[in-house]
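Visitor: Provided herewith is a single structure, encoded as structure tokens, for subsequent inquiry.
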Amino acid sequence: MKIAVVGAAGMVGSRVVAEATGRGHDVTPVFRGTASLTDALSGVDAVVAATRPRPGEESTVGPTTKALLDAALAARKRILVVGGAAALRTPGGGLVLDDNRYVPPHIRPIAEASVRQLEVCREHAADWVYLSPPALLEPGERTGTYRRGTDELLAGASEISAEDLAVAVLDELEEPRDDRHFTVAS
């Protein structure tokens, strides 16, 4: 499979590139500032959007996501958007965004941006799937295992390594499921 990874230099994107190449896929890395997204997506089978704004630039998430969805639609490619946990429901029924246990004030701007990002996806005609990582996503060990859920924060430890998140991304690309929005955790 030929996969374009947008945000290939980031924490998640770099792990997706490593996982994809390790599985024998052909990867086209796409970095910040690429002139033509449509050209970058030409000839690929799937797209992974693993972008994250710089602190203070959270307002760019919506327009960036729309541009990526537009390019994927124009190229007629499926796009997996790696978003944020704030768009998940808590076991109690509210949004993770509104629960201070998961979203302390200092990360609220990016959390709000991830909720907006999912809204942009839902409003778009592209063939998209949105992956919400759990509450804690950090570099770590690749175990190759994870639990998968839908749009509700998984019970138990809400964490995963970036390496195992990349495993989940590749598993979804190789064997797509019907969920438009899903989550994973260790």
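Letters A, B, ... mark the chains of the structure tokens in the order given; residue numbers begin at 1 per chain; ligand numbers begin at 1, in order shown.
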Give me the range 13-123 of chain A side of the contact with range 167-172 of chain A, cut-off 9 Å, one line per residue showing its nearest atom pair and distance in Å at one decimal, counting only C-alpha atoms, sorted by chain and residue number, as CSV.
Guide:
residue,atom,partner,partner_atom,distance
A:Arg15,CA,A:Val167,CA,8.7
A:Val16,CA,A:Val169,CA,7.2
A:Glu19,CA,A:Val167,CA,6.6
A:Ala20,CA,A:Leu170,CA,6.6
A:Arg23,CA,A:Leu170,CA,8.8
A:Val48,CA,A:Val169,CA,8.1
A:Leu80,CA,A:Val169,CA,7.7
A:Val82,CA,A:Val169,CA,8.4
Visitor: Write out as JSON, numbers by chain the residues lying within 12 Å of Leu95 in chain A, counting only C-alpha atoms and excluding same-chain residues fewer than 6 positions away.
Guide: {"A": [84, 85, 86, 87, 88, 89, 101, 102, 103, 111, 112, 114, 115, 151, 152, 153]}
Visitor: Please produce a file of the residues just selected, as an mmCIF file, in the first residue's frame, where the atoms kept are C-alpha atoms.
Guide:
data_model
loop_
_atom_site.group_PDB
_atom_site.id
_atom_site.type_symbol
_atom_site.label_atom_id
_atom_site.label_comp_id
_atom_site.auth_asym_id
_atom_site.auth_seq_id
_atom_site.Cartn_x
_atom_site.Cartn_y
_atom_site.Cartn_z
ATOM 1 C CA GLY A 84 -7.730 14.321 20.098
ATOM 2 C CA ALA A 85 -9.368 12.635 23.072
ATOM 3 C CA ALA A 86 -11.500 15.691 23.921
ATOM 4 C CA ALA A 87 -14.054 14.685 21.268
ATOM 5 C CA LEU A 88 -14.758 11.373 23.024
ATOM 6 C CA ARG A 89 -17.660 10.808 25.405
ATOM 7 C CA ARG A 101 -9.927 15.112 35.190
ATOM 8 C CA TYR A 102 -8.876 14.775 31.550
ATOM 9 C CA VAL A 103 -8.634 18.359 30.336
ATOM 10 C CA ALA A 111 -8.733 20.062 23.353
ATOM 11 C CA GLU A 112 -11.304 22.521 22.010
ATOM 12 C CA SER A 114 -9.807 18.677 18.470
ATOM 13 C CA VAL A 115 -13.574 18.848 19.047
ATOM 14 C CA ASP A 151 -16.522 7.202 20.517
ATOM 15 C CA GLU A 152 -16.364 6.670 24.294
ATOM 16 C CA LEU A 153 -13.213 6.899 26.389
#
Visitor: Could you tell me which of A:Leu173, A:Ala157, A:Ala162, A:Ile110 comes closest to Lys2 in chain A if we count only C-alpha atoms?
Guide: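 So, comparing all the options, the nearest one is A:Leu173.
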Visitor: Please, which residues of range 102-139 of chain A, numbered as in this document, come out strand (DSSP E or B) from DSSP, as number ranges by chain?
Guide: A: 128-132, 136-138
Visitor: Extract, using only C-alpha atoms, all DNA, RNA and protein residues at most 8 Å from Ala185 in chain A, discarding same-chain residues fewer than 5 positions from it, and format them as a list in words.
Guide: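 So, after excluding close chain neighbours, the residues are Pro133, Pro134, Tyr146, Arg147, Arg148, Leu154, Ala157, Ser158, Glu159 and Ile160 of chain A.
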Visitor: With only C-alpha atoms as the atoms that count, which of A:Arg32, A:Lys66, A:Arg177, A:Arg78 lies nearest to Arg116 in chain A?
Guide: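 The shortest atom-to-atom distance to Arg116 in chain A comes from A:Lys66.
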Visitor: What does the structure give for the distance between CA of His25 in chain A and CA of Val5 in chain A, in Å to one decimal?
Guide: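 Computing the Euclidean distance for CA of His25 in chain A and CA of Val5 in chain A yields 11.7 Å.
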Visitor: Counting only C-alpha atoms, what is within 6 Å of Leu131 in chain A, bar same-chain residues fewer than 5 positions away, as an MDAnalysis selection string?
Guide: chainID A and resid 82:83 181:183
